[in-house]
file structure.pdb (PDB, C-alpha atoms)
ATOM      1  CA  MET A 256      10.426  25.220  26.645
ATOM      2  CA  ASP A 257      10.756  26.962  23.281
ATOM      3  CA  LEU A 258      13.256  24.917  21.263
ATOM      4  CA  ASP A 259      13.797  27.808  18.838
ATOM      5  CA  ALA A 260      14.908  29.935  21.783
ATOM      6  CA  VAL A 261      17.213  27.146  23.000
ATOM      7  CA  ARG A 262      18.649  26.796  19.489
ATOM      8  CA  THR A 263      19.206  30.556  19.366
ATOM      9  CA  PHE A 264      20.942  30.484  22.750
ATOM     10  CA  VAL A 265      23.384  27.830  21.509
ATOM     11  CA  ALA A 266      23.988  29.772  18.293
ATOM     12  CA  VAL A 267      24.902  32.892  20.277
ATOM     13  CA  VAL A 268      27.293  30.832  22.389
ATOM     14  CA  ASP A 269      28.929  29.283  19.313
ATOM     15  CA  THR A 270      29.293  32.557  17.402
ATOM     16  CA  GLY A 271      29.931  34.808  20.403
ATOM     17  CA  GLN A 272      27.682  37.579  19.018
ATOM     18  CA  PHE A 273      23.972  38.189  18.612
ATOM     19  CA  GLN A 274      24.544  39.560  15.121
ATOM     20  CA  GLU A 275      26.483  36.482  13.950
ATOM     21  CA  ALA A 276      23.891  34.168  15.481
ATOM     22  CA  ALA A 277      21.172  36.049  13.597
ATOM     23  CA  ALA A 278      23.037  35.543  10.322
ATOM     24  CA  ASP A 279      23.512  31.818  10.987
ATOM     25  CA  LEU A 280      19.825  31.378  11.829
ATOM     26  CA  SER A 281      18.618  33.611   8.971
ATOM     27  CA  ILE A 282      16.638  35.829  11.324
ATOM     28  CA  THR A 283      17.048  39.419  12.458
ATOM     29  CA  GLN A 284      19.229  40.489  15.385
ATOM     30  CA  GLN A 285      16.072  41.830  17.012
ATOM     31  CA  ALA A 286      14.508  38.356  16.802
ATOM     32  CA  VAL A 287      17.597  36.858  18.440
ATOM     33  CA  SER A 288      17.385  39.354  21.292
ATOM     34  CA  LYS A 289      13.661  38.661  21.712
ATOM     35  CA  ARG A 290      14.180  34.885  21.865
ATOM     36  CA  ILE A 291      16.994  35.170  24.409
ATOM     37  CA  ALA A 292      14.936  37.550  26.529
ATOM     38  CA  GLY A 293      12.005  35.132  26.468
ATOM     39  CA  LEU A 294      14.235  32.218  27.445
ATOM     40  CA  GLU A 295      15.758  34.176  30.300
ATOM     41  CA  LYS A 296      12.263  35.078  31.488
ATOM     42  CA  ASP A 297      11.174  31.428  31.408
ATOM     43  CA  LEU A 298      14.290  30.349  33.314
ATOM     44  CA  ALA A 299      14.245  33.376  35.651
ATOM     45  CA  VAL A 300      18.004  33.891  35.191
ATOM     46  CA  ARG A 301      20.352  35.938  33.013
ATOM     47  CA  LEU A 302      22.181  33.841  30.452
ATOM     48  CA  PHE A 303      24.484  36.465  28.873
ATOM     49  CA  THR A 304      26.257  39.649  29.707
ATOM     50  CA  ARG A 305      27.008  42.024  26.878
ATOM     51  CA  THR A 306      30.574  43.168  26.374
ATOM     52  CA  ALA A 307      32.399  45.198  23.761
ATOM     53  CA  ARG A 308      33.528  41.944  22.195
ATOM     54  CA  GLY A 309      30.040  40.395  22.094
ATOM     55  CA  ALA A 310      28.019  38.158  24.417
ATOM     56  CA  ARG A 311      29.539  36.261  27.328
ATOM     57  CA  LEU A 312      27.878  33.527  29.321
ATOM     58  CA  THR A 313      26.917  34.152  32.917
ATOM     59  CA  ILE A 314      27.441  31.444  35.509
ATOM     60  CA  ASP A 315      23.818  30.389  34.982
ATOM     61  CA  GLY A 316      24.361  30.376  31.232
ATOM     62  CA  GLN A 317      27.374  28.108  31.645
ATOM     63  CA  ALA A 318      25.303  25.738  33.775
ATOM     64  CA  PHE A 319      22.484  25.715  31.221
ATOM     65  CA  LEU A 320      24.646  25.224  28.098
ATOM     66  CA  PRO A 321      25.302  21.431  28.247
ATOM     67  CA  HIS A 322      21.630  20.786  28.919
ATOM     68  CA  ALA A 323      20.640  23.084  26.035
ATOM     69  CA  ARG A 324      22.860  21.128  23.666
ATOM     70  CA  GLU A 325      21.372  17.848  24.897
ATOM     71  CA  LEU A 326      17.842  19.200  24.411
ATOM     72  CA  LEU A 327      18.647  19.926  20.774
ATOM     73  CA  ARG A 328      20.203  16.480  20.279
ATOM     74  CA  VAL A 329      17.111  14.821  21.765
ATOM     75  CA  ALA A 330      14.860  16.898  19.508
ATOM     76  CA  GLU A 331      16.880  15.850  16.452
ATOM     77  CA  ARG A 332      16.608  12.195  17.422
ATOM     78  CA  ALA A 333      12.860  12.578  17.983
ATOM     79  CA  VAL A 334      12.383  14.048  14.504
ATOM     80  CA  ALA A 335      14.619  11.410  12.911
ATOM     81  CA  SER A 336      12.614   8.608  14.542
ATOM     82  CA  VAL A 337       9.519   9.451  12.487
ATOM     83  CA  LEU A 338      11.080  10.458   9.198
ATOM     84  CA  PRO A 339       9.677   8.363   6.317
ATOM     85  CA  GLY A 340      11.631   5.117   6.124
ATOM     86  CA  SER A 341      13.262   5.478   9.539
ATOM     87  CA  ARG A 342      10.972   2.883  11.123
ATOM     88  CA  PRO A 343      10.016  -0.629   9.945
ATOM     89  CA  LEU A 344       7.258  -1.020   7.371
ATOM     90  CA  ARG A 345       4.373  -2.624   9.280
ATOM     91  CA  VAL A 346       2.128  -4.944   7.257
ATOM     92  CA  ASP A 347      -0.798  -7.186   8.213
ATOM     93  CA  VAL A 348      -0.804 -10.624   6.512
ATOM     94  CA  ILE A 349      -3.805 -12.147   8.403
ATOM     95  CA  ALA A 350      -2.048 -15.506   9.035
ATOM     96  CA  SER A 351       1.520 -16.788   8.978
ATOM     97  CA  ARG A 352       0.777 -19.604   6.486
ATOM     98  CA  SER A 353      -1.265 -17.503   4.081
ATOM     99  CA  ALA A 354      -0.497 -16.442   0.530
ATOM    100  CA  ALA A 355      -0.028 -12.889   1.809
ATOM    101  CA  SER A 356       2.739 -14.092   4.096
ATOM    102  CA  GLY A 357       4.392 -15.697   1.082
ATOM    103  CA  LEU A 358       4.153 -12.427  -0.845
ATOM    104  CA  MET A 359       5.891 -10.612   2.001
ATOM    105  CA  ARG A 360       8.653 -13.230   2.134
ATOM    106  CA  GLY A 361       9.225 -12.657  -1.573
ATOM    107  CA  PHE A 362       9.348  -8.902  -1.006
ATOM    108  CA  HIS A 363      11.871  -9.351   1.812
ATOM    109  CA  ARG A 364      14.114 -11.452  -0.418
ATOM    110  CA  ALA A 365      13.967  -8.758  -3.110
ATOM    111  CA  HIS A 366      14.450  -5.867  -0.652
ATOM    112  CA  PRO A 367      16.410  -7.087   2.391
ATOM    113  CA  GLU A 368      17.407  -3.483   3.132
ATOM    114  CA  ILE A 369      13.815  -2.565   4.070
ATOM    115  CA  GLU A 370      13.078  -3.403   7.695
ATOM    116  CA  LEU A 371       9.725  -5.150   8.170
ATOM    117  CA  ASP A 372       7.308  -5.655  11.029
ATOM    118  CA  VAL A 373       4.718  -8.293  10.081
ATOM    119  CA  VAL A 374       1.509  -8.551  12.125
ATOM    120  CA  MET A 375      -1.637 -10.675  11.924
ATOM    121  CA  LEU A 376      -4.997  -8.959  12.426
ATOM    122  CA  PHE A 377      -8.288 -10.807  12.237
ATOM    123  CA  ASP A 378     -11.002  -8.951  10.344
ATOM    124  CA  VAL A 379     -11.103  -6.231   7.728
ATOM    125  CA  GLU A 380     -12.648  -3.623  10.061
ATOM    126  CA  THR A 381      -9.783  -4.013  12.519
ATOM    127  CA  ALA A 382      -7.262  -3.809   9.687
ATOM    128  CA  VAL A 383      -8.835  -0.690   8.155
ATOM    129  CA  ALA A 384      -8.996   1.020  11.559
ATOM    130  CA  ALA A 385      -5.317   0.193  12.129
ATOM    131  CA  ILE A 386      -4.380   1.623   8.719
ATOM    132  CA  ARG A 387      -6.329   4.822   9.335
ATOM    133  CA  SER A 388      -4.822   5.311  12.810
ATOM    134  CA  GLY A 389      -1.279   4.676  11.560
ATOM    135  CA  ALA A 390      -0.842   1.519  13.650
ATOM    136  CA  ILE A 391       0.001  -0.387  10.443
ATOM    137  CA  ASP A 392       1.035   0.731   6.978
ATOM    138  CA  ALA A 393      -0.818  -1.846   4.873
ATOM    139  CA  SER A 394      -2.956  -4.982   4.974
ATOM    140  CA  PHE A 395      -3.714  -7.839   2.600
ATOM    141  CA  ARG A 396      -7.479  -8.347   2.293
ATOM    142  CA  ALA A 397     -10.220  -9.552  -0.022
ATOM    143  CA  VAL A 398     -11.767  -6.232  -0.963
ATOM    144  CA  ALA A 399     -14.367  -5.556   0.036
ATOM    145  CA  VAL A 400     -17.370  -6.913   1.926
ATOM    146  CA  PRO A 401     -20.904  -6.368   0.582
ATOM    147  CA  GLY A 402     -22.488  -3.274   2.131
ATOM    148  CA  ARG A 403     -19.229  -2.116   3.724
ATOM    149  CA  PRO A 404     -17.302   0.046   1.252
ATOM    150  CA  LEU A 405     -13.788   1.178   2.048
ATOM    151  CA  PRO A 406     -13.380   4.681   3.525
ATOM    152  CA  GLU A 407     -12.344   7.347   1.040
ATOM    153  CA  ASP A 408      -8.878   7.716   2.572
ATOM    154  CA  ILE A 409      -8.085   4.027   2.033
ATOM    155  CA  GLU A 410      -6.607   2.928  -1.297
ATOM    156  CA  SER A 411      -6.591  -0.663  -2.556
ATOM    157  CA  VAL A 412      -5.061  -2.580  -5.424
ATOM    158  CA  TRP A 413      -5.489  -6.189  -6.516
ATOM    159  CA  VAL A 414      -2.281  -8.205  -6.117
ATOM    160  CA  LEU A 415      -3.083 -11.925  -6.393
ATOM    161  CA  ASP A 416      -5.771 -14.448  -7.311
ATOM    162  CA  GLU A 417      -5.138 -17.557  -5.220
ATOM    163  CA  THR A 418      -6.579 -20.709  -6.737
ATOM    164  CA  LEU A 419      -8.723 -22.806  -4.412
ATOM    165  CA  GLN A 420      -8.049 -26.530  -4.234
ATOM    166  CA  LEU A 421     -10.056 -29.355  -2.715
ATOM    167  CA  LEU A 422      -8.249 -31.116   0.122
ATOM    168  CA  THR A 423      -9.371 -34.691   0.844
ATOM    169  CA  GLY A 424      -8.271 -37.715   2.802
ATOM    170  CA  PRO A 425      -7.200 -40.910   0.996
ATOM    171  CA  ALA A 426     -10.603 -42.592   1.413
ATOM    172  CA  HIS A 427     -12.703 -39.713   0.095
ATOM    173  CA  ALA A 428     -14.795 -40.434  -3.020
ATOM    174  CA  LEU A 429     -12.892 -37.760  -4.993
ATOM    175  CA  ALA A 430      -9.418 -38.584  -3.692
ATOM    176  CA  GLY A 431      -8.313 -40.243  -6.907
ATOM    177  CA  ALA A 432      -9.423 -37.447  -9.233
ATOM    178  CA  ARG A 433      -6.787 -35.412 -11.065
ATOM    179  CA  SER A 434      -9.200 -32.468 -10.991
ATOM    180  CA  VAL A 435     -12.860 -31.856 -10.151
ATOM    181  CA  THR A 436     -15.365 -29.398 -11.561
ATOM    182  CA  VAL A 437     -17.364 -27.142  -9.266
ATOM    183  CA  ALA A 438     -20.496 -29.021 -10.339
ATOM    184  CA  GLN A 439     -18.973 -32.319  -9.125
ATOM    185  CA  LEU A 440     -18.667 -30.886  -5.618
ATOM    186  CA  ALA A 441     -22.423 -30.566  -5.217
ATOM    187  CA  GLY A 442     -23.611 -33.033  -2.579
ATOM    188  CA  HIS A 443     -20.185 -33.398  -0.947
ATOM    189  CA  ARG A 444     -19.630 -32.051   2.564
ATOM    190  CA  ILE A 445     -16.956 -29.365   2.691
ATOM    191  CA  TRP A 446     -15.896 -28.642   6.262
ATOM    192  CA  MET A 447     -14.375 -25.237   7.086
ATOM    193  CA  PRO A 448     -14.549 -24.471  10.832
ATOM    194  CA  GLY A 449     -12.444 -21.323  10.357
ATOM    195  CA  ILE A 450     -15.272 -19.445   8.647
ATOM    196  CA  VAL A 451     -16.447 -16.661  10.963
ATOM    197  CA  PRO A 452     -19.642 -14.719  10.128
ATOM    198  CA  GLY A 453     -18.970 -11.107   9.196
ATOM    199  CA  THR A 454     -15.487 -11.681   7.819
ATOM    200  CA  GLU A 455     -14.518 -11.162   4.195
ATOM    201  CA  TRP A 456     -13.777 -14.862   3.760
ATOM    202  CA  ALA A 457     -17.235 -15.736   5.110
ATOM    203  CA  ALA A 458     -18.751 -13.395   2.506
ATOM    204  CA  TYR A 459     -16.639 -15.074  -0.184
ATOM    205  CA  TYR A 460     -17.759 -18.606   0.693
ATOM    206  CA  ASP A 461     -21.394 -17.509   1.132
ATOM    207  CA  ASP A 462     -21.353 -16.323  -2.479
ATOM    208  CA  LEU A 463     -19.604 -19.499  -3.642
ATOM    209  CA  VAL A 464     -22.304 -21.622  -1.993
ATOM    210  CA  ALA A 465     -25.104 -19.485  -3.439
ATOM    211  CA  GLU A 466     -23.607 -19.511  -6.939
ATOM    212  CA  PHE A 467     -22.937 -23.245  -7.252
ATOM    213  CA  GLY A 468     -25.191 -24.956  -4.692
ATOM    214  CA  LEU A 469     -22.333 -26.295  -2.575
ATOM    215  CA  THR A 470     -22.510 -27.526   1.011
ATOM    216  CA  ILE A 471     -20.003 -25.825   3.297
ATOM    217  CA  GLU A 472     -20.172 -26.600   7.010
ATOM    218  CA  ALA A 473     -18.528 -24.388   9.623
ATOM    219  CA  THR A 474     -19.746 -26.368  12.632
ATOM    220  CA  GLY A 475     -17.607 -27.270  15.619
ATOM    221  CA  PRO A 476     -14.744 -25.442  17.303
ATOM    222  CA  ASN A 477     -11.792 -24.293  15.245
ATOM    223  CA  PHE A 478      -8.732 -25.978  16.765
ATOM    224  CA  GLY A 479      -6.448 -24.770  13.970
ATOM    225  CA  SER A 480      -4.993 -26.230  10.809
ATOM    226  CA  ASP A 481      -3.391 -29.310  12.409
ATOM    227  CA  ALA A 482      -6.706 -30.503  13.842
ATOM    228  CA  LEU A 483      -8.440 -29.745  10.533
ATOM    229  CA  LEU A 484      -5.911 -31.856   8.619
ATOM    230  CA  ASP A 485      -6.232 -34.726  11.116
ATOM    231  CA  THR A 486     -10.010 -34.744  10.718
ATOM    232  CA  ILE A 487      -9.955 -34.577   6.910
ATOM    233  CA  ALA A 488      -7.430 -37.412   6.796
ATOM    234  CA  ASP A 489      -9.564 -39.647   9.056
ATOM    235  CA  THR A 490     -13.070 -38.797   7.769
ATOM    236  CA  PRO A 491     -13.952 -40.043   4.244
ATOM    237  CA  ALA A 492     -17.147 -37.968   4.152
ATOM    238  CA  LEU A 493     -15.405 -34.628   4.636
ATOM    239  CA  ALA A 494     -13.232 -32.433   2.419
ATOM    240  CA  THR A 495     -12.135 -28.823   2.726
ATOM    241  CA  PHE A 496     -10.998 -25.945   0.551
ATOM    242  CA  MET A 497      -7.383 -24.831   0.718
ATOM    243  CA  GLY A 498      -5.632 -21.988  -1.060
ATOM    244  CA  GLU A 499      -3.013 -23.189  -3.512
ATOM    245  CA  GLN A 500      -0.358 -21.032  -1.861
ATOM    246  CA  THR A 501      -1.327 -21.839   1.717
ATOM    247  CA  ARG A 502       1.733 -23.509   3.241
ATOM    248  CA  LEU A 503       0.790 -26.584   5.270
ATOM    249  CA  VAL A 504       2.734 -29.690   6.279
ATOM    250  CA  TRP A 505       1.152 -32.928   7.456
ATOM    251  CA  PRO A 506       2.378 -36.425   8.368
ATOM    252  CA  ALA A 507       3.034 -38.668   5.384
ATOM    253  CA  ASP A 508       0.570 -41.305   6.640
ATOM    254  CA  HIS A 509      -2.294 -38.786   6.394
ATOM    255  CA  GLY A 510      -2.331 -39.375   2.634
ATOM    256  CA  LEU A 511      -4.004 -36.036   1.963
ATOM    257  CA  ARG A 512      -4.705 -34.985  -1.630
ATOM    258  CA  ARG A 513      -4.733 -31.467  -3.092
ATOM    259  CA  ILE A 514      -7.090 -31.543  -6.081
ATOM    260  CA  PRO A 515      -7.522 -28.631  -8.561
ATOM    261  CA  VAL A 516     -11.071 -27.298  -8.971
ATOM    262  CA  THR A 517     -12.163 -26.228 -12.465
ATOM    263  CA  ASP A 518     -15.038 -25.032 -14.684
ATOM    264  CA  PRO A 519     -14.821 -22.346 -13.384
ATOM    265  CA  MET A 520     -11.761 -22.177 -11.179
ATOM    266  CA  PRO A 521     -12.639 -20.464  -7.859
ATOM    267  CA  VAL A 522      -9.930 -18.018  -6.871
ATOM    268  CA  TYR A 523      -9.586 -16.062  -3.658
ATOM    269  CA  PRO A 524      -8.687 -12.434  -4.427
ATOM    270  CA  HIS A 525      -5.963 -10.724  -2.389
ATOM    271  CA  SER A 526      -5.626  -6.943  -2.442
ATOM    272  CA  LEU A 527      -3.288  -4.555  -0.658
ATOM    273  CA  LEU A 528      -4.874  -1.762   1.388
ATOM    274  CA  TRP A 529      -3.105   1.391   2.591
ATOM    275  CA  ARG A 530      -3.843   4.983   3.551
ATOM    276  CA  ARG A 531      -3.589   7.341   0.582
ATOM    277  CA  ASP A 532      -1.301   9.839   2.346
ATOM    278  CA  ASN A 533       1.145   7.303   3.822
ATOM    279  CA  PRO A 534       4.654   8.537   2.855
ATOM    280  CA  HIS A 535       6.698   5.496   3.954
ATOM    281  CA  PRO A 536       9.138   4.731   1.101
ATOM    282  CA  GLY A 537       8.982   1.033   1.956
ATOM    283  CA  LEU A 538       5.276   1.074   1.095
ATOM    284  CA  ALA A 539       6.034   2.472  -2.354
ATOM    285  CA  ALA A 540       8.633  -0.272  -2.851
ATOM    286  CA  LEU A 541       6.148  -2.949  -1.732
ATOM    287  CA  ARG A 542       3.484  -1.692  -4.116
ATOM    288  CA  ALA A 543       5.933  -1.671  -7.026
ATOM    289  CA  HIS A 544       7.111  -5.192  -6.170
ATOM    290  CA  LEU A 545       3.556  -6.526  -5.982
ATOM    291  CA  ALA A 546       2.535  -4.739  -9.184
ATOM    292  CA  ALA A 547       5.372  -6.422 -11.081
ATOM    293  CA  ALA A 548       4.399  -9.836  -9.728
ATOM    294  CA  ALA A 549       0.703  -9.269 -10.468
ATOM    295  CA  ALA A 550       1.384  -8.182 -14.046
ATOM    296  CA  ALA A 551       3.334 -11.387 -14.639
ATOM    297  CA  GLY A 552       0.753 -13.733 -13.181
ATOM    298  CA  HIS A 553      -2.732 -12.313 -13.753
ATOM    299  CA  ASP A 554      -5.043 -14.471 -15.835
ATOM    300  CA  ALA A 555      -8.738 -14.046 -15.040
ATOM    301  CA  ALA A 556     -10.028 -16.289 -17.863
ATOM    302  CA  GLY A 557     -12.041 -19.231 -16.575
ATOM    303  CA  THR A 558     -11.954 -18.085 -12.942
ATOM    304  CA  TRP A 559     -14.670 -17.104 -10.481
ATOM    305  CA  VAL A 560     -14.775 -14.431  -7.790
ATOM    306  CA  PRO A 561     -17.750 -12.729  -6.120
ATOM    307  CA  GLY A 562     -19.152  -9.695  -7.857
ATOM    308  CA  TRP A 563     -18.313  -7.398  -4.936
ATOM    309  CA  VAL A 564     -14.550  -7.751  -5.315
ATOM    310  CA  ILE A 565     -12.959  -4.365  -6.054
ATOM    311  CA  GLY A 566     -10.146  -3.523  -8.452
ATOM    312  CA  ARG A 567      -9.583  -6.922 -10.016
TER     313      ARG A 567
END

call {"tool": "encode", "arguments": {"input": "structure.pdb", "output": "structure tokens"}}
result
Amino acid sequence: MDLDAVRTFVAVVDTGQFQEAAADLSITQQAVSKRIAGLEKDLAVRLFTRTARGARLTIDGQAFLPHARELLRVAERAVASVLPGSRPLRVDVIASRSAASGLMRGFHRAHPEIELDVVMLFDVETAVAAIRSGAIDASFRAVAVPGRPLPEDIESVWVLDETLQLLTGPAHALAGARSVTVAQLAGHRIWMPGIVPGTEWAAYYDDLVAEFGLTIEATGPNFGSDALLDTIADTPALATFMGEQTRLVWPADHGLRRIPVTDPMPVYPHSLLWRRDNPHPGLAALRAHLAAAAAAGHDAAGTWVPGWVIGR
């Protein structure tokens, strides 16, 4: 059903005349007559009778009027539901304990008026596809992966370098160190069962291994962070890498140590990805918030990232 014709029908009812309805709608009287005639043809009934005083509803017109008004109200609600800012800003943070999740918590504290929908997608291809389809508005990723450039309609900006730390149990040979250099890690077994081939974090750690001759093992099933922490606490021969801003809690008797890594300091780069033509005002606010935080905390001196990282 032609909503313009329905809107014209209601305007004629409200004004009582075709000429007045035409003025209200900023169209010609001929256009009003044409729309009403088309609507009557679609409905197979007469909606008005013409009188010396204007247009008067027929019985069928009276029956149709409340439904016509409801159609217009539904159409208005449908349009309002997709207006920029009328729905939650949907952002992928990869994992609930990640640095990206912390960035979004900070944004929510600064902008509690912006409704958020936080999701966790696995790999960069899934995230990019979701951005392009409109399923999400933005995603935090390490940009990019060698040989897989971002599509032209996807924009990215660096937002955070997260320092890597060595996590050891109390009996590990490096547990008592206040800091360790990358060179000192050579020969030590670093266990990271969460590394999945093809992901951006796998590409990151592949380059770290190649650059500094480290030994990173991804063997065994990944039972999650709790099982990883249990194993590191109980196995003196194993350590793992952990982002400085990764939020983890473990039992006090685990005696785990977070040890800074230096010379150079490996940092994991986080960027925000979004579609260039996304008009959501919450996205603009998020980008401004992250830009202010990045400007205050960016210091690339003495750090290491892979050469394929974009926009840092």

call {"tool": "closest_atom_pairs", "arguments": {"input": "structure.pdb", "of": "region 418-531 of chain A", "to": "region 366-378 of chain A", "cutoff": "12 Å", "atoms": "only C-alpha atoms", "output": "CSV"}}
result
residue,atom,partner,partner_atom,distance
A:Gly449,CA,A:Phe377,CA,11.5
A:Ile450,CA,A:Asp378,CA,11.5
A:Val451,CA,A:Asp378,CA,9.5
A:Pro452,CA,A:Asp378,CA,10.4
A:Gly453,CA,A:Asp378,CA,8.3
A:Thr454,CA,A:Asp378,CA,5.8
A:Glu455,CA,A:Asp378,CA,7.4
A:Trp456,CA,A:Asp378,CA,9.3
A:Ala457,CA,A:Asp378,CA,10.6
A:Ala458,CA,A:Asp378,CA,11.9

call {"tool": "resolve_selection", "arguments": {"input": "structure.pdb", "expression": "the PyMOL selection byres ((chain A and resi 459-467) around 8)", "output": "list in words"}}
result
Val437, Ala438, Ala441, Glu455, Trp456, Ala457, Ala458, Gly468, Leu469, Thr470, Ile471, Tyr523, Val560 and Pro561 of chain A

call {"tool": "write_last_selection", "arguments": {"input": "structure.pdb", "atoms": "C-alpha atoms", "output": "mmCIF file, in the coordinates of the input"}}
result
data_model
loop_
_atom_site.group_PDB
_atom_site.id
_atom_site.type_symbol
_atom_site.label_atom_id
_atom_site.label_comp_id
_atom_site.auth_asym_id
_atom_site.auth_seq_id
_atom_site.Cartn_x
_atom_site.Cartn_y
_atom_site.Cartn_z
ATOM 1 C CA VAL A 437 -17.364 -27.142 -9.266
ATOM 2 C CA ALA A 438 -20.496 -29.021 -10.339
ATOM 3 C CA ALA A 441 -22.423 -30.566 -5.217
ATOM 4 C CA GLU A 455 -14.518 -11.162 4.195
ATOM 5 C CA TRP A 456 -13.777 -14.862 3.760
ATOM 6 C CA ALA A 457 -17.235 -15.736 5.110
ATOM 7 C CA ALA A 458 -18.751 -13.395 2.506
ATOM 8 C CA GLY A 468 -25.191 -24.956 -4.692
ATOM 9 C CA LEU A 469 -22.333 -26.295 -2.575
ATOM 10 C CA THR A 470 -22.510 -27.526 1.011
ATOM 11 C CA ILE A 471 -20.003 -25.825 3.297
ATOM 12 C CA TYR A 523 -9.586 -16.062 -3.658
ATOM 13 C CA VAL A 560 -14.775 -14.431 -7.790
ATOM 14 C CA PRO A 561 -17.750 -12.729 -6.120
#

call {"tool": "axis_aligned_box", "arguments": {"input": "structure.pdb", "around": "region 269-286 of chain A", "padding_each_side": "6 Å", "output": "JSON"}}
result
{"center_x": 22.2, "center_y": 35.6, "center_z": 14.7, "size_x": 27.4, "size_y": 24.5, "size_z": 23.4}

call {"tool": "resolve_selection", "arguments": {"input": "structure.pdb", "expression": "the PyMOL selection byres ((chain A and resi 530-534) around 9)", "output": "list in words"}}
result
Pro339, Gly340, Val383, Ile386, Arg387, Gly389, Asp392, Ala393, Glu407, Asp408, Ile409, Glu410, Ser411, Leu528, Trp529, His535, Pro536, Gly537, Leu538 and Ala539 of chain A

call {"tool": "atom_distance", "arguments": {"input": "structure.pdb", "atom1": "CA of Ser356 (chain A)", "atom2": "CA of Ala385 (chain A)"}}
result
18.3 Å

call {"tool": "closest_residue", "arguments": {"input": "structure.pdb", "among": "A:Ala540, A:Ala277, A:Met520, A:Ala488", "to": "Thr436 (chain A)", "atoms": "all atoms listed in the file"}}
result
A:Met520

call {"tool": "resolve_selection", "arguments": {"input": "structure.pdb", "expression": "the PyMOL selection byres ((chain A and resi 477) around 10)", "output": "PDB file with C-alpha atoms, in the coordinates of the input"}}
result
ATOM      1  CA  MET A 447     -14.375 -25.237   7.086  1.00  0.00           C
ATOM      2  CA  PRO A 448     -14.549 -24.471  10.832  1.00  0.00           C
ATOM      3  CA  GLY A 449     -12.444 -21.323  10.357  1.00  0.00           C
ATOM      4  CA  ILE A 450     -15.272 -19.445   8.647  1.00  0.00           C
ATOM      5  CA  VAL A 451     -16.447 -16.661  10.963  1.00  0.00           C
ATOM      6  CA  ALA A 473     -18.528 -24.388   9.623  1.00  0.00           C
ATOM      7  CA  THR A 474     -19.746 -26.368  12.632  1.00  0.00           C
ATOM      8  CA  GLY A 475     -17.607 -27.270  15.619  1.00  0.00           C
ATOM      9  CA  PRO A 476     -14.744 -25.442  17.303  1.00  0.00           C
ATOM     10  CA  PHE A 478      -8.732 -25.978  16.765  1.00  0.00           C
ATOM     11  CA  GLY A 479      -6.448 -24.770  13.970  1.00  0.00           C
ATOM     12  CA  SER A 480      -4.993 -26.230  10.809  1.00  0.00           C
ATOM     13  CA  ALA A 482      -6.706 -30.503  13.842  1.00  0.00           C
ATOM     14  CA  LEU A 483      -8.440 -29.745  10.533  1.00  0.00           C
TER      15      LEU A 483
END

call {"tool": "closest_residue", "arguments": {"input": "structure.pdb", "among": "A:Leu422, A:Leu503, A:Val379, A:Met497", "to": "Asp481 (chain A)", "atoms": "all atoms listed in the file"}}
result
A:Leu503

call {"tool": "closest_residue", "arguments": {"input": "structure.pdb", "among": "A:Glu325, A:Asp297, A:Glu499, A:Asp259", "to": "Ile282 (chain A)", "atoms": "all atoms listed in the file"}}
result
A:Asp259

call {"tool": "residues_around", "arguments": {"input": "structure.pdb", "residues": "Pro519 (chain A)", "least_positions_apart": "5", "cutoff": "7 Å", "atoms": "all atoms listed in the file", "output": "list in words"}}
result
Val437, Gly557, Thr558 and Trp559 of chain A
